[in-house]
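Structure first, then comments.
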Amino acid sequence: MTRIVFWQYLVSMTDLPYIVELINNPIIYEVVIIAKQLSKVRKDMGWDTDIPGLERCKLYVEPNNEIVENIISKDTENSVHLFSSINVYPHVFDAFKISLKYNVKRGIICERPMTYWHGIDWAKPLWLHRMKFIIENGKYIKYINYVFGMGQECCDYYRSISKKWIIFPFAYCTRGNALPNVSSGDVCKVAFVGGLSIRKDVITLLKAAKRLKSKGLEKDFSFFIIGDGSQKEKLQNFVKENDLQNIHFLGMRQNREVPSLLAQQDIFVLPSIHDGWGAVVNEALQAGLYTIASDRCGSKELLYDKRRGVIFPLKDDKKLSQQLENCFQNLQEIRSNVNYRKTWAEQAICGKVIANYMVDCLIGKQVERPWFCQ
């Protein structure tokens, strides 16, 4: 029997769906979560811990050092401690260093490092991150048993740091969307959900919309931009300057509103310059949407089957516009595959599936990541 302890920055809505399922696995006898209090900003976005199954886990919010020590010292022989990276969040790193006094198994759950700066891709190259990690954390490498990396590129990066680590491709997880899709008519409805920041690169989506207008296809598409951020005014000015009348800014919406908004769409686009994963891709697929992501999103590996979506090169608005035009030409087929995408998501990236995959990894069972098996 195994006990799993998660040391997180916050109680994450992209981790909870699989964490709460772990306790249902016969190998796991206890699941512990340690995190900071949710900030007002997160709460205003609709983040909460109201998820079925959490009551069966032990949740500690900002525990003192004595409680931290008690958590780490309990049943060390059968405990696995999983840290949200190291040397990133102070309270997580402090717990990691305390754990070094005990003979426990340790792992990190992490994304590939950021490689952009002020909108420039690869301005912070991986070799620089690698050097920084080895200088700052090289002495801790021997104390890490496992790495759960978000996406293949993340795993490749951490393999380049240490050959001793057991590295597993991993994925974020979101709650499913049971709402029926209601999109109909002749117009292809396209959505973006996320922060309107340089990193999300929504301008590339708007440039693609401009290209579609130049081909006389403006009335065949409606674009819904859901979110807020520092680039909002710039994006709105671009829309006005190019008279793009099919672009609709819906503003910030709470997380609980997103499923119903997605259920009204046909296509989801994530054009990010960098996304360690991009969990909104999970949400889109669970809602049945055909999904287009840039090649800088970790979650692009969910799209290897063309019935689920496609990938376009970073900042290539011409290619993106071509893919969107192809979506319009095949709109009825895309809508006919809504249930396929929902069923696939339930079988490949739901909480229960990801939880069982994590347990299989920890016990040394040779398994392929489930989103590649379906």
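Chain identifiers are assigned as A, B, and so on, following the order in which chains appear in the structure tokens; residues are numbered from 1 within each chain, and ligands are numbered from 1 in order of appearance.
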Exercise for the section: Please identify which residues in region 94-303 of chain A DSSP calls strand (DSSP E) from the backbone, and express them as JSON, numbers by chain. Expected result: {"A": [105, 106, 107, 108, 109, 110, 116, 117, 120, 121, 146, 147, 148, 149, 150, 166, 167, 168, 169, 170, 188, 189, 190, 191, 192, 193, 221, 222, 223, 224, 225, 226, 247, 248, 249, 250, 251, 267, 268, 269, 270, 290, 291, 292, 293, 294]}
Preceding selection exported with C-alpha atoms as a compact mmCIF listing (two decimals), in the first residue's frame:
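See again35.txt below for the written result:
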# COMPACT_ATOMS: atom_id res chain seq x y z
CA LYS A 105 10.80 8.58 -2.47
CA ARG A 106 10.55 11.92 -4.21
CA GLY A 107 9.35 13.12 -7.56
CA ILE A 108 8.71 16.42 -9.28
CA ILE A 109 5.72 17.34 -11.44
CA CYS A 110 6.76 20.04 -13.85
CA TYR A 116 10.24 33.26 -24.34
CA TRP A 117 10.73 36.78 -23.13
CA ILE A 120 10.30 36.51 -28.42
CA ASP A 121 10.44 32.74 -28.66
CA TYR A 146 10.80 10.48 -10.55
CA VAL A 147 9.93 13.26 -12.95
CA PHE A 148 6.39 13.63 -14.27
CA GLY A 149 6.89 15.95 -17.23
CA MET A 150 4.13 17.76 -19.06
CA ILE A 166 12.84 7.82 -14.06
CA ILE A 167 10.88 10.17 -16.31
CA PHE A 168 7.22 9.78 -17.22
CA PRO A 169 5.31 11.85 -19.80
CA PHE A 170 2.39 13.36 -17.98
CA CYS A 188 -18.18 28.25 -38.11
CA LYS A 189 -17.83 29.38 -34.50
CA VAL A 190 -14.26 29.72 -33.20
CA ALA A 191 -13.24 30.34 -29.58
CA PHE A 192 -10.16 31.33 -27.64
CA VAL A 193 -10.16 31.10 -23.83
CA PHE A 221 -16.88 32.71 -39.23
CA SER A 222 -17.58 34.10 -35.80
CA PHE A 223 -14.70 34.47 -33.35
CA PHE A 224 -15.27 34.63 -29.60
CA ILE A 225 -12.38 35.88 -27.45
CA ILE A 226 -12.97 34.90 -23.82
CA ILE A 247 -14.70 39.27 -33.69
CA HIS A 248 -16.47 39.31 -30.32
CA PHE A 249 -14.68 40.06 -27.04
CA LEU A 250 -16.63 38.43 -24.22
CA GLY A 251 -14.33 39.51 -21.40
CA ILE A 267 -13.44 25.17 -33.04
CA PHE A 268 -11.01 26.04 -30.29
CA VAL A 269 -7.68 27.77 -31.02
CA LEU A 270 -4.70 28.10 -28.67
CA TYR A 290 -12.11 20.45 -32.86
CA THR A 291 -8.89 22.02 -31.57
CA ILE A 292 -6.05 23.89 -33.22
CA ALA A 293 -2.89 24.62 -31.21
CA SER A 294 0.48 26.15 -31.95
Any chance you could tabulate, as CSV, the residues of region 200-259 of chain A at most 10 Å from region 319-335 of chain A with each one's nearest atom pair and distance in Å to one decimal, using only C-alpha atoms, in chain and rising number order?
residue,atom,partner,partner_atom,distance
A:Thr204,CA,A:Leu320,CA,8.3
A:Leu205,CA,A:Leu320,CA,7.5
A:Leu206,CA,A:Ser321,CA,9.6
A:Lys207,CA,A:Ser321,CA,8.3
A:Ala208,CA,A:Ser321,CA,4.6
A:Ala209,CA,A:Ser321,CA,6.7
A:Lys210,CA,A:Ser321,CA,8.6
A:Arg211,CA,A:Ser321,CA,6.5
A:Leu212,CA,A:Ser321,CA,6.3
A:Lys213,CA,A:Ser321,CA,10.0
A:Lys215,CA,A:Glu325,CA,9.9
A:Leu217,CA,A:Glu325,CA,8.3
A:Asp220,CA,A:Phe328,CA,7.5
A:Phe221,CA,A:Phe328,CA,8.0
Just to be explicit: take each residue in the selection above, keep C-alpha atoms, and write the result as a CSV table (one decimal), in the first residue's frame.
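Generated output (part-v4.csv):
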chain,number,residue,atom,x,y,z
A,204,THR,CA,-2.0,35.6,-34.7
A,205,LEU,CA,-5.6,34.4,-34.5
A,206,LEU,CA,-6.9,37.9,-35.4
A,207,LYS,CA,-4.4,38.1,-38.3
A,208,ALA,CA,-5.8,34.8,-39.5
A,209,ALA,CA,-9.3,36.2,-39.3
A,210,LYS,CA,-8.1,39.2,-41.4
A,211,ARG,CA,-6.8,36.8,-44.0
A,212,LEU,CA,-10.2,35.0,-44.1
A,213,LYS,CA,-11.9,38.4,-44.6
A,215,LYS,CA,-10.8,35.9,-49.2
A,217,LEU,CA,-15.1,34.5,-45.8
A,220,ASP,CA,-18.6,32.4,-42.6
A,221,PHE,CA,-16.9,32.7,-39.2
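Around Tyr340 (chain A), within 12 Å and counting only C-alpha atoms, the residues found are Leu285, Gln286, Ala287, Gly288, Leu289, Tyr290, Asp305, Lys306, Arg307, Arg308, Glu333, Ile334, Glu346, Gln347, Ala348 and Gln374 of chain A, once anything fewer than 6 positions away on its own chain is removed.
Minimum atom-to-atom distance to Ile198 (chain A), evaluated using only C-alpha atoms, belongs to A:Ser272 out of A:Gln152, A:Gln254, A:Asn87, A:Ser272.
Counting from CA of Ser184 (chain A), the distance to CA of Glu283 (chain A) is 20.2 Å.
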Problem - Residues flagged alpha helix (DSSP H) by DSSP in region 5-206 of chain A, as a PyMOL selection string - result: chain A and resi 16-22+40-44+65-73+90-99+126-137+152-159+202-206
Mind dumping the selected residues with C-alpha atoms as a short mmCIF file (atom, residue, chain, number, x, y, z; two decimals), in the first residue's frame?
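Contents of again-v8.cif, freshly written:
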data_model
loop_
_atom_site.label_atom_id
_atom_site.label_comp_id
_atom_site.auth_asym_id
_atom_site.auth_seq_id
_atom_site.Cartn_x
_atom_site.Cartn_y
_atom_site.Cartn_z
CA LEU A 16 -7.42 17.86 -8.61
CA PRO A 17 -9.44 15.78 -11.10
CA TYR A 18 -6.81 13.01 -11.04
CA ILE A 19 -5.59 13.54 -7.47
CA VAL A 20 -9.04 12.84 -5.99
CA GLU A 21 -9.27 9.65 -8.07
CA LEU A 22 -6.03 8.22 -6.68
CA LYS A 40 -8.61 36.58 -4.38
CA VAL A 41 -7.70 36.75 -8.07
CA ARG A 42 -8.06 32.97 -8.42
CA LYS A 43 -11.32 32.97 -6.48
CA ASP A 44 -12.68 35.75 -8.69
CA ASN A 65 6.73 23.68 10.12
CA GLU A 66 5.73 21.22 12.82
CA ILE A 67 2.85 19.88 10.72
CA VAL A 68 5.09 19.76 7.64
CA GLU A 69 7.61 17.68 9.56
CA ASN A 70 4.86 15.34 10.77
CA ILE A 71 3.56 14.87 7.23
CA ILE A 72 7.00 14.02 5.89
CA SER A 73 8.01 11.73 8.74
CA PRO A 90 9.45 28.77 -1.55
CA HIS A 91 7.12 26.68 0.63
CA VAL A 92 7.41 23.72 -1.75
CA PHE A 93 11.19 24.01 -1.84
CA ASP A 94 11.32 24.29 1.96
CA ALA A 95 9.33 21.05 2.27
CA PHE A 96 11.62 19.37 -0.27
CA LYS A 97 14.69 20.28 1.80
CA ILE A 98 13.05 19.03 5.00
CA SER A 99 12.28 15.73 3.25
CA LEU A 126 16.89 25.70 -22.81
CA TRP A 127 20.67 25.46 -22.42
CA LEU A 128 20.51 28.52 -20.17
CA HIS A 129 17.76 26.94 -18.06
CA ARG A 130 19.76 23.70 -17.91
CA MET A 131 22.87 25.50 -16.70
CA LYS A 132 20.87 27.44 -14.10
CA PHE A 133 19.21 24.26 -12.83
CA ILE A 134 22.51 22.40 -12.48
CA ILE A 135 24.19 25.34 -10.71
CA GLU A 136 21.31 25.96 -8.30
CA ASN A 137 19.96 22.44 -7.84
CA GLN A 152 7.37 14.95 -24.55
CA GLU A 153 9.54 18.06 -24.93
CA CYS A 154 9.48 18.57 -21.17
CA CYS A 155 10.61 14.97 -20.67
CA ASP A 156 13.41 15.39 -23.20
CA TYR A 157 14.62 18.48 -21.36
CA TYR A 158 14.78 16.75 -17.98
CA ARG A 159 16.49 13.69 -19.50
CA VAL A 202 -4.06 36.05 -29.80
CA ILE A 203 -2.92 38.59 -32.41
CA THR A 204 -1.99 35.65 -34.66
CA LEU A 205 -5.59 34.42 -34.49
CA LEU A 206 -6.87 37.91 -35.40
#
Practice task
Work out how far apart CA of Trp277 (chain A) and CA of Val338 (chain A) are and give it in Å to one decimal.
Solution key: 22.6 Å
Where does region 104-213 of chain A meet region 227-240 of chain A within 6 Å, residue by residue, with the nearest atom pair and distance in Å to one decimal for each, counting only C-alpha atoms, listed by chain and rising number, as a Markdown table?
| residue | atom | partner | partner_atom | distance |
| --- | --- | --- | --- | --- |
| A:Val193 | CA | A:Gly227 | CA | 5.9 |
| A:Gly194 | CA | A:Gly227 | CA | 5.2 |
| A:Gly195 | CA | A:Gly227 | CA | 5.3 |
| A:Leu196 | CA | A:Gly229 | CA | 4.3 |
| A:Ser197 | CA | A:Gln231 | CA | 5.3 |
Selection to disk with N, CA and C atoms, as a tab-separated table (two decimals), in the first residue's frame:
chain	number	residue	atom	x	y	z
A	193	VAL	N	-9.94	30.86	-25.26
A	193	VAL	CA	-10.16	31.10	-23.83
A	193	VAL	C	-8.79	31.22	-23.16
A	194	GLY	N	-8.57	32.31	-22.46
A	194	GLY	CA	-7.30	32.47	-21.76
A	194	GLY	C	-6.97	33.93	-21.52
A	195	GLY	N	-5.80	34.15	-20.95
A	195	GLY	CA	-5.35	35.51	-20.70
A	195	GLY	C	-4.94	36.20	-21.99
A	196	LEU	N	-5.27	37.47	-22.10
A	196	LEU	CA	-4.89	38.23	-23.31
A	196	LEU	C	-3.51	38.86	-23.07
A	197	SER	N	-2.51	37.98	-23.08
A	197	SER	CA	-1.13	38.39	-22.83
A	197	SER	C	-0.31	38.17	-24.10
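Proximity to Tyr172 (chain A) was assessed for A:Thr115, A:Ser214, A:Ser336, A:Ser12 counting only C-alpha atoms; the smallest distance is recorded for A:Ser12.
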Handout entry: Non-local contacts of Cys297 (chain A) (12 Å; only C-alpha atoms; under 2 positions in same chain excluded) as a ChimeraX atom specification
Key = /A:111-112,114-115,150-154,171,199-201,269-282,292-295,299-303,310-314
Could you write out that same residue set with C-alpha atoms as a short mmCIF file (atom, residue, chain, number, x, y, z; two decimals), in the first residue's frame?
data_model
loop_
_atom_site.label_atom_id
_atom_site.label_comp_id
_atom_site.auth_asym_id
_atom_site.auth_seq_id
_atom_site.Cartn_x
_atom_site.Cartn_y
_atom_site.Cartn_z
CA GLU A 111 6.47 21.77 -17.19
CA ARG A 112 9.22 22.56 -19.64
CA MET A 114 9.76 29.14 -20.27
CA THR A 115 11.73 29.90 -23.41
CA MET A 150 4.13 17.76 -19.06
CA GLY A 151 4.57 16.64 -22.64
CA GLN A 152 7.37 14.95 -24.55
CA GLU A 153 9.54 18.06 -24.93
CA CYS A 154 9.48 18.57 -21.17
CA ALA A 171 -0.59 15.65 -18.58
CA ARG A 199 2.49 34.84 -24.43
CA LYS A 200 -0.94 33.67 -25.63
CA ASP A 201 -0.38 35.44 -29.00
CA VAL A 269 -7.68 27.77 -31.02
CA LEU A 270 -4.70 28.10 -28.67
CA PRO A 271 -2.01 30.12 -30.53
CA SER A 272 0.43 30.46 -27.60
CA ILE A 273 4.07 31.39 -27.97
CA HIS A 274 4.69 29.14 -24.98
CA ASP A 275 2.40 26.91 -22.95
CA GLY A 276 4.00 24.28 -20.75
CA TRP A 277 0.83 22.30 -21.33
CA GLY A 278 -2.30 24.37 -22.00
CA ALA A 279 -5.07 22.65 -20.04
CA VAL A 280 -7.76 24.57 -21.89
CA VAL A 281 -7.06 22.17 -24.78
CA ASN A 282 -8.26 19.37 -22.48
CA ILE A 292 -6.05 23.89 -33.22
CA ALA A 293 -2.89 24.62 -31.21
CA SER A 294 0.48 26.15 -31.95
CA ASP A 295 3.52 23.89 -31.95
CA SER A 299 -0.86 19.68 -25.07
CA LYS A 300 -0.32 19.51 -28.83
CA GLU A 301 0.29 15.78 -28.35
CA LEU A 302 -3.41 15.35 -27.66
CA LEU A 303 -4.02 16.26 -31.31
CA VAL A 310 -4.27 20.01 -35.89
CA ILE A 311 -1.10 21.90 -35.03
CA PHE A 312 0.21 25.01 -36.76
CA PRO A 313 3.69 26.61 -36.68
CA LEU A 314 4.19 29.40 -34.17
#
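Each of A:Arg56, A:Arg253, A:His81, A:Lys318 was compared to Ile34 (chain A) using only C-alpha atoms, and A:His81 turns out to be the nearest.
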Handout entry: A:Thr174, A:Val5, A:Pro63, A:Gln245 ranked by distance to Ile354 (chain A), top pick (using only C-alpha atoms)
Key = A:Thr174
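Among the candidates A:Asp316, A:Glu257, A:Asp266, A:Glu30, the residue lying nearest to Lys74 (chain A) is A:Glu30 (atoms considered: only C-alpha atoms).
Going from CA of Val61 (chain A) over to CA of Lys36 (chain A), you cover 5.4 Å.
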Problem - Nearest to Pro180 (chain A) by atom-to-atom distance, counting only C-alpha atoms, from A:Leu362, A:Leu262, A:Ile141, A:Cys373 - result: A:Leu262
